[in-house]
$ cat coords_12.csv   # CSV, C-alpha atoms
chain,number,residue,atom,x,y,z
A,1,MET,CA,87.3,133.7,161.3
A,2,ILE,CA,84.1,133.3,159.3
A,3,GLU,CA,84.9,131.1,156.3
A,4,ILE,CA,82.4,132.6,153.9
A,5,PHE,CA,83.7,136.1,154.7
A,6,THR,CA,87.3,134.9,154.1
A,7,TRP,CA,86.4,133.7,150.6
A,8,VAL,CA,84.6,137.0,149.8
A,9,GLN,CA,87.7,138.8,151.0
A,10,VAL,CA,90.1,136.6,149.0
A,11,ALA,CA,87.9,137.1,145.9
A,12,VAL,CA,87.9,140.9,146.3
A,13,ALA,CA,91.6,141.0,146.9
A,14,VAL,CA,92.3,138.9,143.8
A,15,SER,CA,89.9,141.0,141.7
A,16,ALA,CA,91.5,144.2,142.9
A,17,GLY,CA,95.0,142.8,142.3
A,18,LEU,CA,94.3,141.7,138.8
A,19,LEU,CA,92.5,145.0,138.0
A,20,CYS,CA,95.5,147.0,139.2
A,21,LEU,CA,98.0,144.7,137.4
A,22,VAL,CA,96.1,144.9,134.1
A,23,LEU,CA,95.6,148.7,134.3
A,24,GLY,CA,99.2,149.2,135.5
A,25,LEU,CA,100.7,147.2,132.7
A,26,ALA,CA,98.4,149.0,130.2
A,27,GLY,CA,100.2,152.2,131.3
A,28,LYS,CA,97.6,153.8,133.6
A,29,ALA,CA,98.8,155.9,136.6
A,30,PRO,CA,97.0,155.2,139.9
A,31,ALA,CA,93.4,156.6,139.8
A,32,ASP,CA,90.2,156.6,141.9
A,33,LEU,CA,89.3,153.2,140.6
A,34,THR,CA,92.5,151.4,141.5
A,35,MET,CA,93.1,153.4,144.8
A,36,GLY,CA,89.4,152.7,145.7
A,37,ALA,CA,89.9,148.9,145.1
A,38,LEU,CA,92.8,148.9,147.5
A,39,ALA,CA,90.8,151.0,150.0
A,40,LEU,CA,88.0,148.3,149.8
A,41,VAL,CA,90.6,145.6,150.5
A,42,GLU,CA,91.8,147.5,153.5
A,43,VAL,CA,88.3,148.0,154.9
A,44,LEU,CA,87.7,144.3,154.6
A,45,LEU,CA,90.9,143.6,156.5
A,46,VAL,CA,89.8,146.0,159.3
A,47,VAL,CA,86.5,144.1,159.4
A,48,GLN,CA,88.5,140.8,159.6
A,49,LEU,CA,90.4,142.2,162.5
A,50,VAL,CA,87.2,143.1,164.4
A,51,VAL,CA,85.8,139.6,163.6
A,52,ALA,CA,89.0,137.9,164.8
A,53,ILE,CA,88.9,139.8,168.1
A,54,ALA,CA,85.2,139.2,168.6
A,55,ALA,CA,85.0,135.5,167.4
A,56,PRO,CA,86.5,133.7,170.4
A,57,ALA,CA,83.8,135.3,172.6
A,58,PHE,CA,81.2,133.4,170.4
A,59,GLY,CA,83.1,130.1,170.6
A,60,ASN,CA,84.8,130.5,167.3
A,61,THR,CA,88.4,130.0,168.3
A,62,ALA,CA,91.6,129.5,166.2
A,63,THR,CA,92.9,125.9,166.1
A,64,GLY,CA,96.4,127.1,165.1
A,65,SER,CA,98.9,129.7,166.3
A,66,VAL,CA,97.1,132.9,167.3
A,67,LEU,CA,100.4,134.8,167.3
A,68,GLU,CA,101.1,133.8,163.7
A,69,PHE,CA,97.5,134.7,162.7
A,70,TYR,CA,97.9,138.2,164.0
A,71,VAL,CA,101.3,138.7,162.5
A,72,TYR,CA,99.8,137.9,159.1
A,73,LEU,CA,96.8,140.1,159.8
A,74,ILE,CA,98.8,143.1,160.9
A,75,SER,CA,101.3,142.7,158.1
A,76,ALA,CA,98.4,142.6,155.6
A,77,LEU,CA,96.9,145.7,157.2
A,78,LEU,CA,100.1,147.6,156.5
A,79,LEU,CA,100.3,146.8,152.8
A,80,PRO,CA,97.5,148.9,151.3
A,81,PRO,CA,98.5,152.2,153.1
A,82,ALA,CA,102.2,151.6,152.1
A,83,ALA,CA,101.3,150.9,148.4
A,84,ALA,CA,98.8,153.9,148.4
A,85,LEU,CA,101.4,156.2,149.9
A,86,TRP,CA,103.8,155.1,147.1
A,87,ALA,CA,101.1,155.7,144.5
A,88,LEU,CA,100.6,159.3,145.8
A,89,VAL,CA,104.3,160.0,145.8
A,90,GLU,CA,105.0,158.6,142.4
A,91,ARG,CA,102.2,158.7,139.9
A,92,SER,CA,103.5,156.2,137.3
A,93,ARG,CA,102.1,153.0,135.8
A,94,TRP,CA,104.4,151.0,138.1
A,95,SER,CA,102.7,152.4,141.1
A,96,THR,CA,99.5,150.9,139.8
A,97,VAL,CA,101.3,147.5,139.3
A,98,ILE,CA,102.6,147.8,142.9
A,99,LEU,CA,99.0,148.3,144.1
A,100,GLY,CA,98.2,145.1,142.3
A,101,VAL,CA,101.1,143.2,143.9
A,102,ALA,CA,100.0,144.4,147.3
A,103,ALA,CA,96.4,143.2,146.8
A,104,LEU,CA,97.5,139.8,145.5
A,105,SER,CA,99.9,139.4,148.5
A,106,ILE,CA,97.0,140.1,150.8
A,107,ALA,CA,94.9,137.5,149.0
A,108,VAL,CA,97.6,134.9,149.8
A,109,MET,CA,98.0,136.1,153.3
A,110,VAL,CA,94.2,135.9,154.0
A,111,TYR,CA,94.1,132.4,152.6
A,112,ARG,CA,97.0,131.4,154.9
A,113,MET,CA,95.2,133.1,157.9
A,114,GLN,CA,92.1,130.9,157.2
A,115,GLN,CA,94.4,127.8,157.2
A,116,ILE,CA,95.9,128.8,160.5
A,117,TRP,CA,92.5,129.6,162.0
A,118,ALA,CA,90.6,126.5,160.8
A,119,TYR,CA,93.1,123.7,160.1
A,120,GLN,CA,96.5,124.3,161.6
A,121,VAL,CA,97.1,122.3,164.8
A,122,ALA,CA,99.0,124.3,167.4
B,1,MET,CA,113.1,157.4,122.8
B,2,SER,CA,115.9,157.2,125.4
B,3,PRO,CA,114.2,159.2,128.2
B,4,THR,CA,111.2,156.9,128.0
B,5,THR,CA,113.5,153.8,128.2
B,6,ALA,CA,115.3,155.3,131.2
B,7,SER,CA,112.1,156.1,133.1
B,8,ARG,CA,110.7,152.7,132.4
B,9,THR,CA,113.9,151.1,133.7
B,10,LEU,CA,113.5,153.2,136.8
B,11,GLY,CA,109.8,152.1,137.0
B,12,VAL,CA,110.6,148.4,136.9
B,13,GLY,CA,113.2,149.1,139.6
B,14,ARG,CA,110.4,150.5,141.7
B,15,LEU,CA,108.5,147.3,141.3
B,16,LEU,CA,111.6,145.4,142.3
B,17,ILE,CA,111.9,147.5,145.5
B,18,ALA,CA,108.2,146.9,146.3
B,19,VAL,CA,108.6,143.1,146.0
B,20,TYR,CA,111.8,143.4,148.2
B,21,ALA,CA,109.8,145.3,150.8
B,22,VAL,CA,107.0,142.6,150.9
B,23,LEU,CA,109.6,139.8,151.1
B,24,ALA,CA,111.5,141.7,153.9
B,25,LEU,CA,108.2,142.1,155.8
B,26,ALA,CA,107.2,138.4,155.2
B,27,ALA,CA,110.6,136.9,156.2
B,28,THR,CA,111.0,139.1,159.3
B,29,ALA,CA,107.5,138.6,160.5
B,30,ARG,CA,107.7,134.9,160.0
B,31,SER,CA,111.0,134.4,161.7
B,32,PHE,CA,109.7,136.5,164.6
B,33,VAL,CA,106.8,134.0,165.1
B,34,GLN,CA,109.2,131.0,164.7
B,35,ILE,CA,111.6,132.3,167.2
B,36,VAL,CA,109.0,133.3,169.8
B,37,GLU,CA,107.0,130.0,169.4
B,38,ARG,CA,109.5,127.2,168.7
B,39,PHE,CA,113.0,128.4,168.7
B,40,ASP,CA,114.5,125.2,170.1
B,41,GLU,CA,113.0,123.1,167.3
B,42,ALA,CA,115.5,124.4,164.7
B,43,PRO,CA,117.6,127.3,166.2
B,44,VAL,CA,120.0,127.4,163.2
B,45,ALA,CA,117.3,127.7,160.6
B,46,TYR,CA,115.2,130.2,162.5
B,47,LEU,CA,118.2,132.5,163.4
B,48,LEU,CA,119.2,132.4,159.8
B,49,SER,CA,115.6,133.3,158.8
B,50,ALA,CA,115.9,136.3,161.1
B,51,VAL,CA,119.2,137.3,159.6
B,52,ALA,CA,117.8,136.9,156.1
B,53,GLY,CA,114.8,139.1,157.1
B,54,VAL,CA,117.1,141.9,158.4
B,55,VAL,CA,119.3,141.6,155.2
B,56,TYR,CA,116.2,142.0,153.1
B,57,ILE,CA,115.2,145.1,155.0
B,58,VAL,CA,118.7,146.6,154.5
B,59,ALA,CA,118.6,145.6,150.8
B,60,THR,CA,115.2,147.3,150.4
B,61,ILE,CA,116.6,150.5,151.9
B,62,ALA,CA,119.8,150.4,149.9
B,63,LEU,CA,117.7,150.0,146.6
B,64,ILE,CA,115.7,153.1,147.5
B,65,LYS,CA,118.6,155.3,148.6
B,66,GLN,CA,120.8,157.1,146.0
B,67,GLY,CA,124.6,157.4,145.9
B,68,PRO,CA,127.7,155.2,145.6
B,69,PHE,CA,127.6,154.1,149.2
B,70,TRP,CA,124.1,152.6,149.1
B,71,TYR,CA,124.9,151.2,145.6
B,72,ARG,CA,127.7,149.1,147.2
B,73,VAL,CA,125.4,148.2,150.2
B,74,ALA,CA,122.8,147.0,147.7
B,75,TRP,CA,125.4,144.8,145.9
B,76,ALA,CA,126.7,143.4,149.2
B,77,THR,CA,123.2,142.5,150.6
B,78,ILE,CA,121.9,141.1,147.3
B,79,SER,CA,125.0,139.0,146.8
B,80,PHE,CA,124.6,137.7,150.4
B,81,GLU,CA,121.0,136.7,149.7
B,82,LEU,CA,121.9,134.8,146.5
B,83,LEU,CA,124.7,133.0,148.3
B,84,GLY,CA,122.4,132.3,151.2
B,85,VAL,CA,119.6,130.9,149.2
B,86,ILE,CA,122.0,128.7,147.2
B,87,VAL,CA,124.0,127.4,150.2
B,88,VAL,CA,120.9,126.8,152.4
B,89,GLY,CA,119.0,125.4,149.5
B,90,ILE,CA,121.6,122.8,148.9
B,91,LEU,CA,122.1,122.1,152.7
B,92,SER,CA,118.3,121.7,153.2
B,93,LEU,CA,118.4,119.0,150.5
B,94,VAL,CA,121.3,117.2,152.2
B,95,ASP,CA,120.3,117.7,155.8
B,96,ALA,CA,116.6,118.1,156.3
B,97,GLU,CA,117.0,118.1,160.1
B,98,LEU,CA,119.0,121.2,160.1
B,99,PHE,CA,116.7,123.2,157.9
B,100,PRO,CA,113.0,122.4,158.2
B,101,SER,CA,110.9,123.4,155.2
B,102,ASP,CA,109.6,126.6,156.8
B,103,SER,CA,112.8,128.6,156.8
B,104,VAL,CA,113.1,131.4,154.2
B,105,TRP,CA,115.8,129.8,152.2
B,106,SER,CA,115.1,126.1,152.6
B,107,PHE,CA,114.7,124.2,149.3
B,108,PHE,CA,115.7,127.4,147.4
B,109,GLY,CA,112.8,129.4,148.9
B,110,ARG,CA,110.1,127.0,148.0
B,111,GLY,CA,107.8,128.3,150.8
B,112,TYR,CA,108.0,131.7,149.1
B,113,LEU,CA,107.3,130.7,145.5
B,114,PHE,CA,111.1,130.6,144.8
B,115,ILE,CA,111.0,134.4,145.0
B,116,PRO,CA,114.1,134.4,147.2
B,117,LEU,CA,116.0,132.7,144.4
B,118,VAL,CA,114.8,134.8,141.5
B,119,LEU,CA,114.8,138.2,143.2
B,120,PRO,CA,118.6,138.6,143.9
B,121,ILE,CA,119.2,137.7,140.2
B,122,LEU,CA,116.8,140.4,139.0
B,123,GLY,CA,118.3,142.8,141.6
B,124,MET,CA,121.8,142.2,140.3
B,125,LEU,CA,120.6,142.7,136.7
B,126,TRP,CA,119.0,146.0,137.6
B,127,LEU,CA,122.0,147.2,139.7
B,128,SER,CA,124.4,146.5,136.8
B,129,ARG,CA,122.2,148.4,134.4
B,130,GLN,CA,122.0,151.3,136.9
B,131,GLY,CA,125.8,151.2,137.3
B,132,GLN,CA,126.2,151.5,133.5
B,133,ARG,CA,123.8,154.4,133.4
B,134,ASN,CA,125.6,156.2,136.3
B,135,ALA,CA,128.9,155.7,134.4
B,136,VAL,CA,127.4,157.2,131.2
B,137,GLU,CA,126.0,160.2,133.2
B,138,ALA,CA,129.4,160.7,134.9
B,139,SER,CA,131.3,160.8,131.7
B,140,ALA,CA,128.7,163.0,129.9
$ encode --input "coords_12.csv" --output "structure tokens"
Amino acid sequence: MIEIFTWVQVAVAVSAGLLCLVLGLAGKAPADLTMGALALVEVLLVVQLVVAIAAPAFGNTATGSVLEFYVYLISALLLPPAAALWALVERSRWSTVILGVAALSIAVMVYRMQQIWAYQVA
Amino acid sequence: MSPTTASRTLGVGRLLIAVYAVLALAATARSFVQIVERFDEAPVAYLLSAVAGVVYIVATIALIKQGPFWYRVAWATISFELLGVIVVGILSLVDAELFPSDSVWSFFGRGYLFIPLVLPILGMLWLSRQGQRNAVEASA
């Protein structure tokens, strides 16, 4: 993992999460802005996956459990499509809140992935 | 007024289901890693984590599905979770060897922001409200 990229990713996920929570609680149904925010979070996760696969070849290896790292990453990758599918099926304010919950969960998971990669001793 | 209230209740229920789904994924994925990597360190705790993960998945499905059968399944699984988090929470305080801090229910779900302790209670509140609504609809 590249630490600076991780922090950008956490910041984007937290921002997207708060945005969706606020708009959802204000009564807004999922819209281009909130769905787009989740799409951005998903794109960054895909980039993270590519980085994670490529990094060991450049001497950037995980200190912790690689299995645990990938279980987190793949779980995180599943969340935005699941939340977005929900938002398409049910266009209510709570679907927007759910988008926010998904984004905030991802922020925590990415933070945990950084810990596993950089600090955890296997 | 009443249709708005009903749909909002339904909406909050959806949020509950979403949080259940995330917890089910987290608990199942984590116990999978624990069992694959270090099962012999704490077999009881890790097996229980796996069981908890599966029960969260069943609870999530039961909350989504309609009908009296799934309503009972939801009650059963959510009660099991509340019992589990309380019993394991107490046991983990008494015997730290048996339940290391990284099982789902250890220390009342501390590793999961105490969500495993709070969620079954919210789930029960929601189910009992739903039960009342179903009773009203049936009598109407």
$ atom_distance --input "coords_12.csv" --atom1 "CA of Leu99 (chain A)" --atom2 "CA of Ala26 (chain B)"
17.0 Å
$ closest_atom_pairs --input "coords_12.csv" --of "region 39-112 of chain A" --to "region 14-31 of chain A" --cutoff "6 Å" --atoms "only C-alpha atoms" --output "JSON lines"
{"residue": "A:Arg91", "atom": "CA", "partner": "A:Ala29", "partner_atom": "CA", "distance": 5.5}
{"residue": "A:Ser92", "atom": "CA", "partner": "A:Ala29", "partner_atom": "CA", "distance": 4.8}
{"residue": "A:Arg93", "atom": "CA", "partner": "A:Ala29", "partner_atom": "CA", "distance": 4.5}
{"residue": "A:Thr96", "atom": "CA", "partner": "A:Gly24", "partner_atom": "CA", "distance": 4.6}
{"residue": "A:Val97", "atom": "CA", "partner": "A:Gly24", "partner_atom": "CA", "distance": 4.7}
{"residue": "A:Gly100", "atom": "CA", "partner": "A:Gly17", "partner_atom": "CA", "distance": 3.9}
{"residue": "A:Ala103", "atom": "CA", "partner": "A:Gly17", "partner_atom": "CA", "distance": 4.7}
{"residue": "A:Leu104", "atom": "CA", "partner": "A:Gly17", "partner_atom": "CA", "distance": 5.0}
{"residue": "A:Ala107", "atom": "CA", "partner": "A:Val14", "partner_atom": "CA", "distance": 6.0}
$ write_last_selection --input "coords_12.csv" --atoms "C-alpha atoms" --output "PDB file, in the frame of the given file"
ATOM      1  CA  ARG A  91     102.200 158.700 139.900  1.00  0.00           C
ATOM      2  CA  SER A  92     103.500 156.200 137.300  1.00  0.00           C
ATOM      3  CA  ARG A  93     102.100 153.000 135.800  1.00  0.00           C
ATOM      4  CA  THR A  96      99.500 150.900 139.800  1.00  0.00           C
ATOM      5  CA  VAL A  97     101.300 147.500 139.300  1.00  0.00           C
ATOM      6  CA  GLY A 100      98.200 145.100 142.300  1.00  0.00           C
ATOM      7  CA  ALA A 103      96.400 143.200 146.800  1.00  0.00           C
ATOM      8  CA  LEU A 104      97.500 139.800 145.500  1.00  0.00           C
ATOM      9  CA  ALA A 107      94.900 137.500 149.000  1.00  0.00           C
TER      10      ALA A 107
END
$ interface_residues --input "coords_12.csv" --of "chain B" --to "chain A" --cutoff "8 Å" --atoms "all atoms listed in the file" --output "PDB file with C-alpha atoms, in the coordinates of the input"
ATOM      1  CA  GLY B  11     109.800 152.100 137.000  1.00  0.00           C
ATOM      2  CA  VAL B  12     110.600 148.400 136.900  1.00  0.00           C
ATOM      3  CA  ARG B  14     110.400 150.500 141.700  1.00  0.00           C
ATOM      4  CA  LEU B  15     108.500 147.300 141.300  1.00  0.00           C
ATOM      5  CA  ALA B  18     108.200 146.900 146.300  1.00  0.00           C
ATOM      6  CA  VAL B  19     108.600 143.100 146.000  1.00  0.00           C
ATOM      7  CA  LEU B  25     108.200 142.100 155.800  1.00  0.00           C
ATOM      8  CA  ALA B  26     107.200 138.400 155.200  1.00  0.00           C
ATOM      9  CA  ALA B  29     107.500 138.600 160.500  1.00  0.00           C
ATOM     10  CA  ARG B  30     107.700 134.900 160.000  1.00  0.00           C
ATOM     11  CA  VAL B  33     106.800 134.000 165.100  1.00  0.00           C
TER      12      VAL B  33
END
$ atom_distance --input "coords_12.csv" --atom1 "CA of Tyr111 (chain A)" --atom2 "CA of Val10 (chain A)"
6.8 Å
$ closest_residue --input "coords_12.csv" --among "B:Ala62, B:Ala24, B:Val104, B:Val55" --to "Val85 (chain B)" --atoms "all atoms listed in the file"
B:Val104
$ atom_distance --input "coords_12.csv" --atom1 "CA of Ile61 (chain B)" --atom2 "CA of Tyr20 (chain B)"
9.3 Å
$ closest_residue --input "coords_12.csv" --among "B:Ile78, B:Leu113, B:Ile35, B:Leu48" --to "Leu125 (chain B)" --atoms "all atoms listed in the file"
B:Ile78
$ decode --input "coords_12.csv" --residues "chain A" --atoms "C-alpha atoms" --output "mmCIF file, in the first residue's frame"
data_model
loop_
_atom_site.group_PDB
_atom_site.id
_atom_site.type_symbol
_atom_site.label_atom_id
_atom_site.label_comp_id
_atom_site.auth_asym_id
_atom_site.auth_seq_id
_atom_site.Cartn_x
_atom_site.Cartn_y
_atom_site.Cartn_z
ATOM 1 C CA MET A 1 0.000 0.000 0.000
ATOM 2 C CA ILE A 2 1.045 3.574 -0.621
ATOM 3 C CA GLU A 3 0.385 5.469 2.583
ATOM 4 C CA ILE A 4 -0.478 8.860 1.037
ATOM 5 C CA PHE A 5 -2.943 7.188 -1.337
ATOM 6 C CA THR A 6 -4.543 5.418 1.628
ATOM 7 C CA TRP A 7 -5.126 8.734 3.410
ATOM 8 C CA VAL A 8 -6.626 10.291 0.272
ATOM 9 C CA GLN A 9 -8.874 7.244 -0.015
ATOM 10 C CA VAL A 10 -9.958 7.443 3.643
ATOM 11 C CA ALA A 11 -10.645 11.190 3.262
ATOM 12 C CA VAL A 12 -12.767 10.608 0.127
ATOM 13 C CA ALA A 13 -14.701 7.755 1.768
ATOM 14 C CA VAL A 14 -15.370 9.789 4.936
ATOM 15 C CA SER A 15 -16.463 12.824 2.859
ATOM 16 C CA ALA A 16 -18.725 10.679 0.665
ATOM 17 C CA GLY A 17 -20.127 8.979 3.773
ATOM 18 C CA LEU A 18 -20.915 12.231 5.582
ATOM 19 C CA LEU A 19 -22.394 13.760 2.420
ATOM 20 C CA CYS A 20 -24.753 10.789 1.938
ATOM 21 C CA LEU A 21 -25.684 10.678 5.642
ATOM 22 C CA VAL A 22 -26.520 14.400 5.728
ATOM 23 C CA LEU A 23 -28.468 14.380 2.440
ATOM 24 C CA GLY A 24 -30.219 11.138 3.412
ATOM 25 C CA LEU A 25 -31.277 12.423 6.822
ATOM 26 C CA ALA A 26 -32.408 15.656 5.116
ATOM 27 C CA GLY A 27 -34.851 13.485 3.159
ATOM 28 C CA LYS A 28 -33.134 13.246 -0.233
ATOM 29 C CA ALA A 29 -33.504 10.108 -2.352
ATOM 30 C CA PRO A 30 -30.315 8.773 -3.997
ATOM 31 C CA ALA A 31 -29.246 11.078 -6.851
ATOM 32 C CA ASP A 32 -26.333 11.493 -9.255
ATOM 33 C CA LEU A 33 -24.264 13.292 -6.608
ATOM 34 C CA THR A 34 -24.577 10.626 -3.910
ATOM 35 C CA MET A 35 -24.342 7.684 -6.316
ATOM 36 C CA GLY A 36 -21.357 9.373 -7.981
ATOM 37 C CA ALA A 37 -19.632 9.766 -4.598
ATOM 38 C CA LEU A 38 -19.975 6.022 -4.018
ATOM 39 C CA ALA A 39 -18.748 5.319 -7.550
ATOM 40 C CA LEU A 40 -15.626 7.384 -6.793
ATOM 41 C CA VAL A 41 -15.065 5.376 -3.579
ATOM 42 C CA GLU A 42 -15.371 2.161 -5.614
ATOM 43 C CA VAL A 43 -12.937 3.367 -8.293
ATOM 44 C CA LEU A 44 -10.349 4.199 -5.603
ATOM 45 C CA LEU A 45 -10.802 0.684 -4.156
ATOM 46 C CA VAL A 46 -10.132 -0.839 -7.574
ATOM 47 C CA VAL A 47 -6.979 1.324 -7.825
ATOM 48 C CA GLN A 48 -6.013 0.107 -4.352
ATOM 49 C CA LEU A 49 -6.459 -3.501 -5.527
ATOM 50 C CA VAL A 50 -4.150 -2.879 -8.504
ATOM 51 C CA VAL A 51 -1.602 -1.151 -6.230
ATOM 52 C CA ALA A 52 -1.750 -4.026 -3.723
ATOM 53 C CA ILE A 53 -1.161 -6.606 -6.456
ATOM 54 C CA ALA A 54 1.704 -4.624 -8.022
ATOM 55 C CA ALA A 55 3.401 -3.293 -4.856
ATOM 56 C CA PRO A 56 5.280 -6.482 -3.794
ATOM 57 C CA ALA A 57 7.061 -6.486 -7.185
ATOM 58 C CA PHE A 58 8.519 -3.069 -6.236
ATOM 59 C CA GLY A 59 9.666 -4.203 -2.794
ATOM 60 C CA ASN A 60 6.609 -2.762 -1.015
ATOM 61 C CA THR A 61 5.405 -5.841 0.861
ATOM 62 C CA ALA A 62 2.845 -6.262 3.627
ATOM 63 C CA THR A 63 4.232 -6.786 7.125
ATOM 64 C CA GLY A 64 0.979 -8.348 8.318
ATOM 65 C CA SER A 65 -1.424 -11.015 7.136
ATOM 66 C CA VAL A 66 -1.885 -10.874 3.352
ATOM 67 C CA LEU A 67 -5.002 -13.063 3.588
ATOM 68 C CA GLU A 68 -6.619 -10.712 6.107
ATOM 69 C CA PHE A 69 -5.688 -7.726 3.934
ATOM 70 C CA TYR A 70 -7.393 -9.182 0.861
ATOM 71 C CA VAL A 71 -10.481 -10.298 2.787
ATOM 72 C CA TYR A 72 -10.909 -6.668 3.879
ATOM 73 C CA LEU A 73 -10.244 -5.327 0.385
ATOM 74 C CA ILE A 74 -12.657 -7.706 -1.350
ATOM 75 C CA SER A 75 -15.346 -7.130 1.305
ATOM 76 C CA ALA A 76 -14.909 -3.372 0.803
ATOM 77 C CA LEU A 77 -15.174 -3.756 -2.984
ATOM 78 C CA LEU A 78 -18.556 -5.501 -2.542
ATOM 79 C CA LEU A 79 -20.134 -2.721 -0.467
ATOM 80 C CA PRO A 80 -20.656 0.132 -3.004
ATOM 81 C CA PRO A 81 -22.315 -2.123 -5.655
ATOM 82 C CA ALA A 82 -24.572 -3.656 -2.966
ATOM 83 C CA ALA A 83 -25.555 -0.235 -1.577
ATOM 84 C CA ALA A 84 -26.035 1.186 -5.101
ATOM 85 C CA LEU A 85 -28.222 -1.767 -6.121
ATOM 86 C CA TRP A 86 -30.320 -1.122 -3.040
ATOM 87 C CA ALA A 87 -30.560 2.580 -3.948
ATOM 88 C CA LEU A 88 -31.791 1.692 -7.452
ATOM 89 C CA VAL A 89 -34.416 -0.734 -6.131
ATOM 90 C CA GLU A 90 -35.732 1.518 -3.388
ATOM 91 C CA ARG A 91 -35.540 5.244 -4.041
ATOM 92 C CA SER A 92 -36.063 6.540 -0.519
ATOM 93 C CA ARG A 93 -34.092 8.767 1.854
ATOM 94 C CA TRP A 94 -32.940 5.665 3.755
ATOM 95 C CA SER A 95 -31.214 4.319 0.676
ATOM 96 C CA THR A 96 -29.088 7.487 0.720
ATOM 97 C CA VAL A 97 -28.316 6.907 4.410
ATOM 98 C CA ILE A 98 -27.323 3.319 3.524
ATOM 99 C CA LEU A 99 -24.935 4.669 0.851
ATOM 100 C CA GLY A 100 -23.384 6.763 3.643
ATOM 101 C CA VAL A 101 -23.085 3.810 6.012
ATOM 102 C CA ALA A 102 -21.352 1.808 3.259
ATOM 103 C CA ALA A 103 -18.854 4.612 2.548
ATOM 104 C CA LEU A 104 -18.029 5.092 6.250
ATOM 105 C CA SER A 105 -17.588 1.319 6.695
ATOM 106 C CA ILE A 106 -15.136 1.401 3.797
ATOM 107 C CA ALA A 107 -13.181 4.256 5.429
ATOM 108 C CA VAL A 108 -12.728 2.119 8.560
ATOM 109 C CA MET A 109 -11.802 -0.940 6.502
ATOM 110 C CA VAL A 110 -9.189 0.944 4.452
ATOM 111 C CA TYR A 111 -7.675 2.354 7.669
ATOM 112 C CA ARG A 112 -7.505 -1.214 9.027
ATOM 113 C CA MET A 113 -5.912 -2.401 5.762
ATOM 114 C CA GLN A 114 -3.178 0.216 6.160
ATOM 115 C CA GLN A 115 -2.505 -1.049 9.694
ATOM 116 C CA ILE A 116 -2.257 -4.629 8.450
ATOM 117 C CA TRP A 117 0.033 -3.635 5.590
ATOM 118 C CA ALA A 118 2.394 -1.320 7.481
ATOM 119 C CA TYR A 119 2.304 -2.186 11.192
ATOM 120 C CA GLN A 120 0.814 -5.609 11.868
ATOM 121 C CA VAL A 121 3.437 -8.273 12.541
ATOM 122 C CA ALA A 122 2.405 -11.603 11.044
#
